$ cat input-v4.pdb   # PDB, C-alpha atoms, pLDDT in the B column
ATOM      1  CA  MET Q  23     -77.832 -98.023  68.272  1.00 32.00           C
ATOM      2  CA  LEU Q  24     -78.280 -95.850  71.339  1.00 40.00           C
ATOM      3  CA  GLY Q  25     -75.713 -96.182  74.103  1.00 43.00           C
ATOM      4  CA  LEU Q  26     -76.931 -97.418  77.466  1.00 43.00           C
ATOM      5  CA  GLY Q  27     -76.613 -93.975  79.048  1.00 63.00           C
ATOM      6  CA  LEU Q  28     -78.581 -92.336  76.249  1.00 67.00           C
ATOM      7  CA  LYS Q  29     -81.226 -95.072  76.359  1.00 66.00           C
ATOM      8  CA  ARG Q  30     -81.759 -94.503  80.051  1.00 66.00           C
ATOM      9  CA  ARG Q  31     -82.021 -90.741  79.580  1.00 67.00           C
ATOM     10  CA  TRP Q  32     -84.515 -91.209  76.758  1.00 67.00           C
ATOM     11  CA  LYS Q  33     -86.709 -93.474  78.887  1.00 68.00           C
ATOM     12  CA  LEU Q  34     -86.630 -90.948  81.716  1.00 71.00           C
ATOM     13  CA  TYR Q  35     -87.472 -88.136  79.312  1.00 72.00           C
ATOM     14  CA  MET Q  36     -90.438 -90.044  77.905  1.00 76.00           C
ATOM     15  CA  GLY Q  37     -91.716 -90.822  81.415  1.00 84.00           C
ATOM     16  CA  VAL Q  38     -91.816 -87.201  82.563  1.00 93.00           C
ATOM     17  CA  ASN Q  39     -95.245 -85.710  83.263  1.00 95.00           C
ATOM     18  CA  TRP Q  40     -94.484 -82.446  81.503  1.00 96.00           C
ATOM     19  CA  VAL Q  41     -97.789 -80.759  82.319  1.00 96.00           C
ATOM     20  CA  LYS Q  42     -97.397 -81.276  86.077  1.00 97.00           C
ATOM     21  CA  THR Q  43     -93.661 -80.551  85.928  1.00 97.00           C
ATOM     22  CA  ILE Q  44     -94.059 -77.172  84.220  1.00 97.00           C
ATOM     23  CA  TYR Q  45     -97.069 -76.211  86.333  1.00 98.00           C
ATOM     24  CA  PHE Q  46     -95.379 -77.040  89.653  1.00 98.00           C
ATOM     25  CA  ASN Q  47     -92.100 -75.278  88.871  1.00 98.00           C
ATOM     26  CA  PHE Q  48     -93.665 -72.030  87.703  1.00 98.00           C
ATOM     27  CA  LYS Q  49     -96.246 -72.002  90.490  1.00 98.00           C
ATOM     28  CA  MET Q  50     -93.923 -72.823  93.390  1.00 98.00           C
ATOM     29  CA  LEU Q  51     -90.562 -71.292  92.419  1.00 98.00           C
ATOM     30  CA  PRO Q  52     -89.232 -67.881  91.333  1.00 97.00           C
ATOM     31  CA  PHE Q  53     -89.205 -67.471  87.558  1.00 97.00           C
ATOM     32  CA  LYS Q  54     -85.411 -67.531  87.173  1.00 96.00           C
ATOM     33  CA  THR Q  55     -85.365 -70.837  89.073  1.00 97.00           C
ATOM     34  CA  ALA Q  56     -88.523 -72.305  87.558  1.00 97.00           C
ATOM     35  CA  LYS Q  57     -87.333 -71.851  83.970  1.00 97.00           C
ATOM     36  CA  LYS Q  58     -84.565 -74.375  84.638  1.00 96.00           C
ATOM     37  CA  LEU Q  59     -87.173 -76.983  85.689  1.00 97.00           C
ATOM     38  CA  PRO Q  60     -85.312 -78.285  88.748  1.00 97.00           C
ATOM     39  CA  VAL Q  61     -88.306 -80.394  89.864  1.00 97.00           C
ATOM     40  CA  PHE Q  62     -89.475 -83.246  87.638  1.00 97.00           C
ATOM     41  CA  PHE Q  63     -92.631 -85.319  88.054  1.00 97.00           C
ATOM     42  CA  TYR Q  64     -92.805 -88.773  86.512  1.00 95.00           C
ATOM     43  CA  GLY Q  65     -96.073 -90.558  85.794  1.00 93.00           C
ATOM     44  CA  ASN Q  66     -99.457 -89.744  87.265  1.00 95.00           C
ATOM     45  CA  VAL Q  67     -99.604 -87.481  90.325  1.00 97.00           C
ATOM     46  CA  LYS Q  68    -102.396 -85.579  92.078  1.00 97.00           C
ATOM     47  CA  PHE Q  69    -101.765 -82.089  93.450  1.00 98.00           C
ATOM     48  CA  THR Q  70    -104.246 -81.941  96.321  1.00 98.00           C
ATOM     49  CA  SER Q  71    -102.890 -78.618  97.598  1.00 98.00           C
ATOM     50  CA  LEU Q  72    -100.011 -76.345  96.624  1.00 98.00           C
ATOM     51  CA  LEU Q  73    -100.534 -73.483  99.081  1.00 98.00           C
ATOM     52  CA  GLY Q  74     -97.130 -73.889 100.745  1.00 98.00           C
ATOM     53  CA  SER Q  75     -93.642 -72.923  99.629  1.00 98.00           C
ATOM     54  CA  VAL Q  76     -90.604 -74.646  98.137  1.00 98.00           C
ATOM     55  CA  GLU Q  77     -86.960 -73.617  98.514  1.00 97.00           C
ATOM     56  CA  ILE Q  78     -83.887 -75.114  96.856  1.00 97.00           C
ATOM     57  CA  ASP Q  79     -80.644 -74.397  98.679  1.00 96.00           C
ATOM     58  CA  ALA Q  80     -78.211 -75.641  96.055  1.00 96.00           C
ATOM     59  CA  GLU Q  81     -76.982 -74.925  92.558  1.00 95.00           C
ATOM     60  CA  ILE Q  82     -80.065 -75.079  90.332  1.00 96.00           C
ATOM     61  CA  LYS Q  83     -80.006 -77.780  87.671  1.00 94.00           C
ATOM     62  CA  PRO Q  84     -82.758 -79.406  85.590  1.00 94.00           C
ATOM     63  CA  ALA Q  85     -84.343 -82.544  87.058  1.00 94.00           C
ATOM     64  CA  MET Q  86     -82.341 -82.375  90.288  1.00 95.00           C
ATOM     65  CA  ILE Q  87     -85.443 -83.271  92.322  1.00 97.00           C
ATOM     66  CA  GLY Q  88     -87.513 -86.183  91.072  1.00 96.00           C
ATOM     67  CA  PHE Q  89     -91.000 -87.152  92.252  1.00 96.00           C
ATOM     68  CA  GLY Q  90     -91.809 -90.654  91.011  1.00 94.00           C
ATOM     69  CA  GLN Q  91     -88.324 -91.001  89.585  1.00 91.00           C
ATOM     70  CA  PRO Q  92     -87.832 -94.548  88.244  1.00 88.00           C
ATOM     71  CA  TYR Q  93     -84.543 -95.396  89.922  1.00 86.00           C
ATOM     72  CA  GLU Q  94     -85.583 -98.727  91.504  1.00 85.00           C
ATOM     73  CA  MET Q  95     -85.938-102.318  90.290  1.00 86.00           C
ATOM     74  CA  THR Q  96     -89.703-102.002  89.865  1.00 84.00           C
ATOM     75  CA  THR Q  97     -90.736-100.550  86.517  1.00 84.00           C
ATOM     76  CA  ARG Q  98     -94.501-100.087  86.914  1.00 88.00           C
ATOM     77  CA  SER Q  99     -96.584 -97.641  88.924  1.00 88.00           C
ATOM     78  CA  MET Q 100    -100.117 -97.720  90.331  1.00 92.00           C
ATOM     79  CA  GLY Q 101    -100.456 -94.023  89.523  1.00 90.00           C
ATOM     80  CA  ILE Q 102    -101.554 -93.000  93.039  1.00 95.00           C
ATOM     81  CA  ALA Q 103     -98.899 -90.419  93.920  1.00 97.00           C
ATOM     82  CA  GLU Q 104    -100.342 -87.455  95.823  1.00 98.00           C
ATOM     83  CA  ILE Q 105     -98.845 -84.134  96.922  1.00 98.00           C
ATOM     84  CA  PHE Q 106    -100.355 -82.011  99.713  1.00 98.00           C
ATOM     85  CA  LEU Q 107     -98.078 -79.039 100.294  1.00 98.00           C
ATOM     86  CA  GLU Q 108     -99.187 -76.270 102.621  1.00 98.00           C
ATOM     87  CA  GLY Q 109     -96.031 -75.928 104.737  1.00 98.00           C
ATOM     88  CA  LYS Q 110     -92.434 -75.212 103.723  1.00 98.00           C
ATOM     89  CA  VAL Q 111     -90.281 -77.744 101.886  1.00 98.00           C
ATOM     90  CA  ARG Q 112     -86.549 -77.141 101.531  1.00 98.00           C
ATOM     91  CA  PHE Q 113     -84.357 -79.247  99.260  1.00 98.00           C
ATOM     92  CA  ASN Q 114     -80.618 -79.007  99.892  1.00 97.00           C
ATOM     93  CA  GLY Q 115     -79.489 -80.676  96.676  1.00 96.00           C
ATOM     94  CA  ASN Q 116     -80.459 -83.605  94.491  1.00 96.00           C
ATOM     95  CA  VAL Q 117     -83.349 -85.627  95.938  1.00 97.00           C
ATOM     96  CA  CYS Q 118     -85.037 -88.801  94.644  1.00 96.00           C
ATOM     97  CA  LEU Q 119     -88.594 -89.718  95.655  1.00 96.00           C
ATOM     98  CA  GLY Q 120     -89.979 -92.995  94.332  1.00 95.00           C
ATOM     99  CA  LYS Q 121     -93.216 -93.912  92.640  1.00 96.00           C
ATOM    100  CA  ASP Q 122     -96.679 -93.796  94.253  1.00 96.00           C
ATOM    101  CA  MET Q 123     -95.654 -91.643  97.216  1.00 96.00           C
ATOM    102  CA  PHE Q 124     -97.940 -89.721  99.562  1.00 98.00           C
ATOM    103  CA  PHE Q 125     -96.163 -86.446 100.331  1.00 98.00           C
ATOM    104  CA  TYR Q 126     -97.893 -84.275 102.956  1.00 98.00           C
ATOM    105  CA  THR Q 127     -96.771 -81.068 104.660  1.00 98.00           C
ATOM    106  CA  ALA Q 128     -99.254 -79.208 106.863  1.00 97.00           C
ATOM    107  CA  LYS Q 129     -99.532 -75.452 107.247  1.00 96.00           C
ATOM    108  CA  ASN Q 130     -96.606 -73.991 109.256  1.00 96.00           C
ATOM    109  CA  ALA Q 131     -94.694 -77.294 109.061  1.00 98.00           C
ATOM    110  CA  LEU Q 132     -91.091 -77.568 107.847  1.00 98.00           C
ATOM    111  CA  LEU Q 133     -89.744 -80.474 105.824  1.00 98.00           C
ATOM    112  CA  GLU Q 134     -86.082 -80.404 104.849  1.00 98.00           C
ATOM    113  CA  ILE Q 135     -84.376 -83.043 102.704  1.00 98.00           C
ATOM    114  CA  GLY Q 136     -80.617 -83.187 102.141  1.00 97.00           C
ATOM    115  CA  HIS Q 137     -78.475 -83.840  99.091  1.00 96.00           C
ATOM    116  CA  MET Q 138     -78.631 -87.329  97.555  1.00 95.00           C
ATOM    117  CA  SER Q 139     -81.312 -88.538  99.930  1.00 97.00           C
ATOM    118  CA  THR Q 140     -83.942 -90.929  98.621  1.00 96.00           C
ATOM    119  CA  ILE Q 141     -87.292 -92.311  99.718  1.00 97.00           C
ATOM    120  CA  ALA Q 142     -88.354 -95.370  97.734  1.00 96.00           C
ATOM    121  CA  SER Q 143     -91.683 -96.265  96.169  1.00 96.00           C
ATOM    122  CA  SER Q 144     -95.036 -96.625  97.933  1.00 96.00           C
ATOM    123  CA  SER Q 145     -93.788 -94.683 100.955  1.00 97.00           C
ATOM    124  CA  LYS Q 146     -95.416 -91.798 102.764  1.00 97.00           C
ATOM    125  CA  ILE Q 147     -94.044 -88.743 104.469  1.00 98.00           C
ATOM    126  CA  ILE Q 148     -96.416 -86.799 106.684  1.00 98.00           C
ATOM    127  CA  CYS Q 149     -94.999 -83.610 108.191  1.00 98.00           C
ATOM    128  CA  THR Q 150     -97.207 -81.591 110.526  1.00 97.00           C
ATOM    129  CA  ASN Q 151     -94.434 -79.979 112.565  1.00 97.00           C
ATOM    130  CA  LYS Q 152     -90.776 -80.536 111.613  1.00 98.00           C
ATOM    131  CA  ILE Q 153     -88.888 -83.256 109.775  1.00 98.00           C
ATOM    132  CA  ILE Q 154     -85.202 -82.904 108.893  1.00 98.00           C
ATOM    133  CA  ILE Q 155     -83.568 -85.501 106.662  1.00 98.00           C
ATOM    134  CA  MET Q 156     -79.855 -84.885 106.249  1.00 98.00           C
ATOM    135  CA  GLU Q 157     -77.667 -85.772 103.251  1.00 97.00           C
ATOM    136  CA  TRP Q 158     -77.244 -89.295 101.889  1.00 96.00           C
ATOM    137  CA  VAL Q 159     -80.208 -90.837 103.682  1.00 97.00           C
ATOM    138  CA  GLN Q 160     -81.562 -93.902 101.863  1.00 97.00           C
ATOM    139  CA  ILE Q 161     -85.026 -95.104 102.911  1.00 98.00           C
ATOM    140  CA  GLY Q 162     -86.552 -98.294 101.501  1.00 96.00           C
ATOM    141  CA  SER Q 163     -89.907 -98.859  99.869  1.00 96.00           C
ATOM    142  CA  GLU Q 164     -93.238 -98.913 101.717  1.00 97.00           C
ATOM    143  CA  SER Q 165     -91.745 -96.926 104.584  1.00 98.00           C
ATOM    144  CA  GLN Q 166     -93.410 -94.081 106.451  1.00 98.00           C
ATOM    145  CA  ILE Q 167     -92.054 -90.951 108.115  1.00 98.00           C
ATOM    146  CA  ILE Q 168     -94.711 -89.388 110.329  1.00 98.00           C
ATOM    147  CA  ASP Q 169     -94.188 -86.721 112.996  1.00 97.00           C
ATOM    148  CA  THR Q 170     -97.651 -86.978 114.547  1.00 96.00           C
ATOM    149  CA  ASN Q 171     -99.969 -89.598 116.066  1.00 94.00           C
ATOM    150  CA  PHE Q 172    -102.921 -87.623 114.603  1.00 92.00           C
ATOM    151  CA  HIS Q 173    -105.073 -87.862 117.754  1.00 89.00           C
ATOM    152  CA  SER Q 174    -104.702 -86.460 121.267  1.00 86.00           C
ATOM    153  CA  MET Q 175    -103.948 -89.072 123.917  1.00 89.00           C
ATOM    154  CA  LYS Q 176    -104.116 -88.589 127.675  1.00 90.00           C
ATOM    155  CA  ASN Q 177    -103.343 -90.299 130.953  1.00 92.00           C
ATOM    156  CA  THR Q 178    -106.709 -91.351 132.352  1.00 93.00           C
ATOM    157  CA  LEU Q 179    -105.457 -91.127 135.945  1.00 94.00           C
ATOM    158  CA  THR Q 180    -103.667 -87.760 135.877  1.00 94.00           C
ATOM    159  CA  GLN Q 181    -105.564 -86.275 132.903  1.00 92.00           C
ATOM    160  CA  GLU Q 182    -102.219 -85.274 131.409  1.00 92.00           C
ATOM    161  CA  VAL Q 183    -102.582 -84.763 127.663  1.00 91.00           C
ATOM    162  CA  TYR Q 184     -99.607 -86.086 125.715  1.00 89.00           C
ATOM    163  CA  PRO Q 185     -98.120 -84.086 122.819  1.00 89.00           C
ATOM    164  CA  LYS Q 186     -99.721 -84.994 119.525  1.00 91.00           C
ATOM    165  CA  THR Q 187     -96.751 -83.991 117.386  1.00 93.00           C
ATOM    166  CA  GLY Q 188     -92.983 -84.029 117.701  1.00 94.00           C
ATOM    167  CA  GLU Q 189     -89.909 -83.609 115.540  1.00 97.00           C
ATOM    168  CA  ILE Q 190     -87.873 -86.021 113.462  1.00 98.00           C
ATOM    169  CA  LYS Q 191     -84.213 -85.657 112.520  1.00 98.00           C
ATOM    170  CA  LEU Q 192     -82.354 -88.297 110.526  1.00 98.00           C
ATOM    171  CA  GLY Q 193     -78.568 -87.980 110.477  1.00 98.00           C
ATOM    172  CA  SER Q 194     -76.379 -88.149 107.387  1.00 97.00           C
ATOM    173  CA  TYR Q 195     -75.462 -91.476 105.781  1.00 97.00           C
ATOM    174  CA  ASN Q 196     -78.428 -93.330 107.211  1.00 98.00           C
ATOM    175  CA  TYR Q 197     -79.624 -96.525 105.545  1.00 97.00           C
ATOM    176  CA  MET Q 198     -83.103 -97.798 106.340  1.00 97.00           C
ATOM    177  CA  GLY Q 199     -84.621-100.952 104.927  1.00 96.00           C
ATOM    178  CA  ASN Q 200     -88.091-101.353 103.487  1.00 96.00           C
ATOM    179  CA  ARG Q 201     -91.262-100.988 105.546  1.00 97.00           C
ATOM    180  CA  VAL Q 202     -89.594 -98.931 108.254  1.00 98.00           C
ATOM    181  CA  SER Q 203     -91.820 -96.658 110.366  1.00 98.00           C
ATOM    182  CA  ILE Q 204     -90.120 -93.480 111.550  1.00 98.00           C
ATOM    183  CA  MET Q 205     -92.352 -91.773 114.065  1.00 97.00           C
ATOM    184  CA  GLN Q 206     -92.321 -88.522 116.042  1.00 96.00           C
ATOM    185  CA  ASN Q 207     -89.347 -87.856 118.334  1.00 96.00           C
ATOM    186  CA  THR Q 208     -87.014 -90.038 116.260  1.00 98.00           C
ATOM    187  CA  ILE Q 209     -83.451 -88.723 116.136  1.00 98.00           C
ATOM    188  CA  THR Q 210     -80.649 -90.760 114.575  1.00 98.00           C
ATOM    189  CA  PRO Q 211     -76.856 -90.301 114.500  1.00 98.00           C
ATOM    190  CA  ASN Q 212     -74.753 -90.252 111.344  1.00 98.00           C
ATOM    191  CA  TYR Q 213     -73.842 -93.603 109.754  1.00 97.00           C
ATOM    192  CA  PHE Q 214     -76.852 -95.411 111.160  1.00 98.00           C
ATOM    193  CA  THR Q 215     -78.703 -98.468 109.876  1.00 98.00           C
ATOM    194  CA  VAL Q 216     -82.299 -99.557 110.508  1.00 98.00           C
ATOM    195  CA  ALA Q 217     -83.362-103.101 109.627  1.00 97.00           C
ATOM    196  CA  SER Q 218     -86.488-103.734 107.550  1.00 97.00           C
ATOM    197  CA  ASN Q 219     -89.896-103.839 109.245  1.00 97.00           C
ATOM    198  CA  SER Q 220     -88.729-101.757 112.215  1.00 98.00           C
ATOM    199  CA  LEU Q 221     -90.348 -98.990 114.253  1.00 98.00           C
ATOM    200  CA  CYS Q 222     -88.233 -95.980 115.286  1.00 98.00           C
ATOM    201  CA  ASN Q 223     -89.732 -93.656 117.887  1.00 96.00           C
ATOM    202  CA  LYS Q 224     -86.976 -92.185 120.095  1.00 97.00           C
ATOM    203  CA  ASP Q 225     -83.529 -90.586 120.240  1.00 97.00           C
ATOM    204  CA  TYR Q 226     -80.887 -93.104 119.110  1.00 98.00           C
ATOM    205  CA  THR Q 227     -77.894 -90.757 119.134  1.00 97.00           C
ATOM    206  CA  THR Q 228     -76.566 -92.219 122.392  1.00 97.00           C
ATOM    207  CA  LEU Q 229     -75.842 -95.431 120.459  1.00 97.00           C
ATOM    208  CA  GLY Q 230     -73.339 -93.549 118.327  1.00 96.00           C
ATOM    209  CA  SER Q 231     -72.417 -93.972 114.681  1.00 97.00           C
ATOM    210  CA  ASN Q 232     -71.910 -97.281 112.873  1.00 97.00           C
ATOM    211  CA  THR Q 233     -74.713 -99.045 114.720  1.00 97.00           C
ATOM    212  CA  MET Q 234     -77.741-101.002 113.557  1.00 98.00           C
ATOM    213  CA  VAL Q 235     -81.154-101.164 115.200  1.00 98.00           C
ATOM    214  CA  GLY Q 236     -84.156-103.316 114.425  1.00 97.00           C
ATOM    215  CA  GLY Q 237     -87.417-104.559 115.808  1.00 97.00           C
ATOM    216  CA  TYR Q 238     -90.756-103.207 116.895  1.00 93.00           C
ATOM    217  CA  PRO Q 239     -89.790-100.909 118.559  1.00 96.00           C
ATOM    218  CA  ALA Q 240     -86.219-100.743 117.287  1.00 96.00           C
ATOM    219  CA  LYS Q 241     -83.388-101.716 119.614  1.00 97.00           C
ATOM    220  CA  LEU Q 242     -79.651-102.101 119.193  1.00 97.00           C
ATOM    221  CA  ILE Q 243     -78.847-105.315 117.335  1.00 97.00           C
ATOM    222  CA  LYS Q 244     -75.312-104.740 116.022  1.00 96.00           C
ATOM    223  CA  GLU Q 245     -72.351-102.403 116.490  1.00 96.00           C
ATOM    224  CA  ASN Q 246     -69.420-101.507 114.222  1.00 97.00           C
ATOM    225  CA  ILE Q 247     -71.500-101.829 111.064  1.00 94.00           C
ATOM    226  CA  SER Q 248     -72.281 -99.421 108.253  1.00 92.00           C
ATOM    227  CA  ARG Q 249     -73.252 -99.383 104.631  1.00 91.00           C
ATOM    228  CA  ASP Q 250     -70.094 -99.164 102.512  1.00 90.00           C
ATOM    229  CA  TRP Q 251     -70.592 -95.514 101.637  1.00 90.00           C
ATOM    230  CA  GLU Q 252     -67.050 -95.043 100.309  1.00 86.00           C
ATOM    231  CA  ASP Q 253     -67.727 -97.670  97.668  1.00 85.00           C
ATOM    232  CA  GLU Q 254     -71.325 -96.682  96.924  1.00 85.00           C
ATOM    233  CA  CYS Q 255     -71.480 -92.884  96.907  1.00 83.00           C
ATOM    234  CA  GLU Q 256     -70.028 -92.425  93.433  1.00 81.00           C
ATOM    235  CA  ARG Q 257     -72.174 -95.234  92.006  1.00 83.00           C
ATOM    236  CA  LEU Q 258     -75.324 -93.881  93.638  1.00 81.00           C
ATOM    237  CA  GLU Q 259     -74.657 -90.371  92.399  1.00 81.00           C
ATOM    238  CA  GLN Q 260     -74.261 -91.625  88.850  1.00 79.00           C
ATOM    239  CA  HIS Q 261     -77.415 -93.749  89.083  1.00 78.00           C
ATOM    240  CA  LEU Q 262     -79.636 -91.168  90.761  1.00 77.00           C
ATOM    241  CA  THR Q 263     -78.580 -87.997  88.959  1.00 80.00           C
ATOM    242  CA  VAL Q 264     -80.599 -87.198  85.850  1.00 80.00           C
ATOM    243  CA  LYS Q 265     -78.531 -85.593  83.108  1.00 74.00           C
ATOM    244  CA  LEU Q 266     -80.565 -84.408  80.145  1.00 68.00           C
TER     245      LEU Q 266
END

$ encode --input "input-v4.pdb" --output "structure tokens"
Amino acid sequence: MLGLGLKRRWKLYMGVNWVKTIYFNFKMLPFKTAKKLPVFFYGNVKFTSLLGSVEIDAEIKPAMIGFGQPYEMTTRSMGIAEIFLEGKVRFNGNVCLGKDMFFYTAKNALLEIGHMSTIASSSKIICTNKIIIMEWVQIGSESQIIDTNFHSMKNTLTQEVYPKTGEIKLGSYNYMGNRVSIMQNTITPNYFTVASNSLCNKDYTTLGSNTMVGGYPAKLIKENISRDWEDECERLEQHLTVKL
């Protein structure tokens, strides 16, 4: 009888979309990197555009970056994952992206994701300018990270045209619940928590670490609070890291 660890690895192996995995690695990465297959795709995914570039700033290992990786409680997928990559994406270690994601980077945009950061299923990330996600950032399902409002807005009295895009930077050890909207100009400190169903749209670093915000838009709701990272980091690393 297979051990639990081996069973899990076998299920992951059987769920890999090998055609898309091999195609993406050898198209987007140098040969010596691509042959190790550091990027895995699980289930159905549409490559709308792959005109951009991908960098991995870490020791290269197989399956270290997972698109559609089944690490959550849900076991089924709608098969609607879509990748539009015309900017630059930089991975700084192991990264987990859940099922049915919309992953968009525009031309000349930069998206950077740190080690052991995750974005859960049915989320979207739309980068038209610059989005930096530091290490150990955990973002819940059905969330969205968007650095643009898509349309130009202006003051009808002064005719001032407001910026359409901004930047986003999420500090290390951030924990964000499900259905969180992270919009342009959002900056968060380290050890920061965002309650579910919240809207973030400004610089929160003045609140300092170990704070929680929530609401629409998000405001300070609690101080001296943090996810128990000391207890969870080892467990998360074991759960999220794919070892073939």

$ resolve_selection --input "input-v4.pdb" --expression "the PyMOL selection byres ((chain Q and resi 204) around 8)" --output "PyMOL selection string"
chain Q and resi 165-168+202-203+205-206+208+221-223

$ resolve_selection --input "input-v4.pdb" --expression "the PyMOL selection byres ((chain Q and resi 105-122) around 6)" --output "PyMOL selection string"
chain Q and resi 69-80+86-91+102-104+123+125-144

$ residues_around --input "input-v4.pdb" --residues "Leu192 of chain Q" --least-positions-apart "2" --cutoff "8 Å" --atoms "all atoms listed in the file" --output "ChimeraX atom specification"
/Q:154-156,159,190,194,196,208-212

$ atom_distance --input "input-v4.pdb" --atom1 "atom CA of Ser220 of chain Q" --atom2 "atom CA of Ser163 of chain Q"
12.7 Å

$ closest_residue --input "input-v4.pdb" --among "Q:His173, Q:Pro52, Q:Trp40, Q:Gly162" --to "Met95 of chain Q" --atoms "only C-alpha atoms"
Q:Gly162

$ atom_distance --input "input-v4.pdb" --atom1 "atom CA of Thr187 of chain Q" --atom2 "atom CA of Cys149 of chain Q"
9.4 Å

$ atom_distance --input "input-v4.pdb" --atom1 "atom CA of Asn200 of chain Q" --atom2 "atom CA of Asn219 of chain Q"
6.5 Å

$ closest_residue --input "input-v4.pdb" --among "Q:Glu252, Q:Lys191, Q:Lys265, Q:Gly237" --to "Asn151 of chain Q" --atoms "only C-alpha atoms"
Q:Lys191

$ closest_residue --input "input-v4.pdb" --among "Q:Val235, Q:Ser174, Q:Asp169, Q:Pro185" --to "Asn207 of chain Q" --atoms "all atoms listed in the file"
Q:Asp169

$ closest_atom_pairs --input "input-v4.pdb" --of "segment 58-117 of chain Q" --to "segment 41-49 of chain Q" --cutoff "9 Å" --atoms "all atoms listed in the file" --output "Markdown table"
| residue | atom | partner | partner_atom | distance |
| --- | --- | --- | --- | --- |
| Q:Lys58 | CA | Q:Asn47 | CA | 8.7 |
| Q:Leu59 | CA | Q:Asn47 | CA | 6.1 |
| Q:Pro60 | CA | Q:Asn47 | CA | 7.4 |
| Q:Val61 | CA | Q:Asn47 | CA | 6.4 |
| Q:Phe62 | CA | Q:Thr43 | CA | 5.3 |
| Q:Phe63 | CA | Q:Thr43 | CA | 5.3 |
| Q:Tyr64 | CA | Q:Thr43 | CA | 8.3 |
| Q:Asn66 | CA | Q:Lys42 | CA | 8.8 |
| Q:Val67 | CA | Q:Lys42 | CA | 7.8 |
| Q:Lys68 | CA | Q:Lys42 | CA | 8.9 |
| Q:Phe69 | CA | Q:Lys42 | CA | 8.6 |
| Q:Leu72 | CA | Q:Phe46 | CA | 8.4 |

$ build_atoms --input "input-v4.pdb" --residues "segment 223-227 of chain Q" --atoms "all heavy atoms" --output "compact mmCIF listing (two decimals), keeping the file's coordinate frame"
# COMPACT_ATOMS: atom_id res chain seq x y z
N ASN Q 223 -88.87 -94.63 117.21
CA ASN Q 223 -89.73 -93.66 117.89
C ASN Q 223 -89.04 -92.94 119.04
O ASN Q 223 -89.70 -92.48 119.97
CB ASN Q 223 -91.01 -94.33 118.39
CG ASN Q 223 -90.73 -95.45 119.38
OD1 ASN Q 223 -89.58 -95.76 119.67
ND2 ASN Q 223 -91.79 -96.06 119.89
N LYS Q 224 -87.68 -92.86 118.99
CA LYS Q 224 -86.98 -92.18 120.10
C LYS Q 224 -85.63 -91.67 119.61
O LYS Q 224 -85.27 -91.80 118.43
CB LYS Q 224 -86.79 -93.15 121.26
CG LYS Q 224 -85.90 -94.34 120.96
CD LYS Q 224 -85.75 -95.24 122.19
CE LYS Q 224 -84.81 -96.40 121.93
NZ LYS Q 224 -84.66 -97.27 123.13
N ASP Q 225 -84.86 -91.10 120.53
CA ASP Q 225 -83.53 -90.59 120.24
C ASP Q 225 -82.51 -91.73 120.32
O ASP Q 225 -82.33 -92.34 121.37
CB ASP Q 225 -83.18 -89.49 121.26
CG ASP Q 225 -81.87 -88.79 120.96
OD1 ASP Q 225 -81.08 -89.31 120.14
OD2 ASP Q 225 -81.63 -87.72 121.54
N TYR Q 226 -81.85 -92.01 119.18
CA TYR Q 226 -80.89 -93.10 119.11
C TYR Q 226 -79.44 -92.60 119.10
O TYR Q 226 -78.52 -93.39 118.91
CB TYR Q 226 -81.13 -93.95 117.85
CG TYR Q 226 -82.49 -94.63 117.85
CD1 TYR Q 226 -83.60 -94.00 117.28
CD2 TYR Q 226 -82.68 -95.88 118.43
CE1 TYR Q 226 -84.84 -94.61 117.27
CE2 TYR Q 226 -83.92 -96.49 118.43
CZ TYR Q 226 -85.00 -95.86 117.86
OH TYR Q 226 -86.25 -96.45 117.86
N THR Q 227 -79.25 -91.31 119.27
CA THR Q 227 -77.89 -90.76 119.13
C THR Q 227 -76.93 -91.27 120.20
O THR Q 227 -75.71 -91.27 119.98
CB THR Q 227 -77.93 -89.22 119.16
OG1 THR Q 227 -78.57 -88.76 120.36
CG2 THR Q 227 -78.68 -88.67 117.96
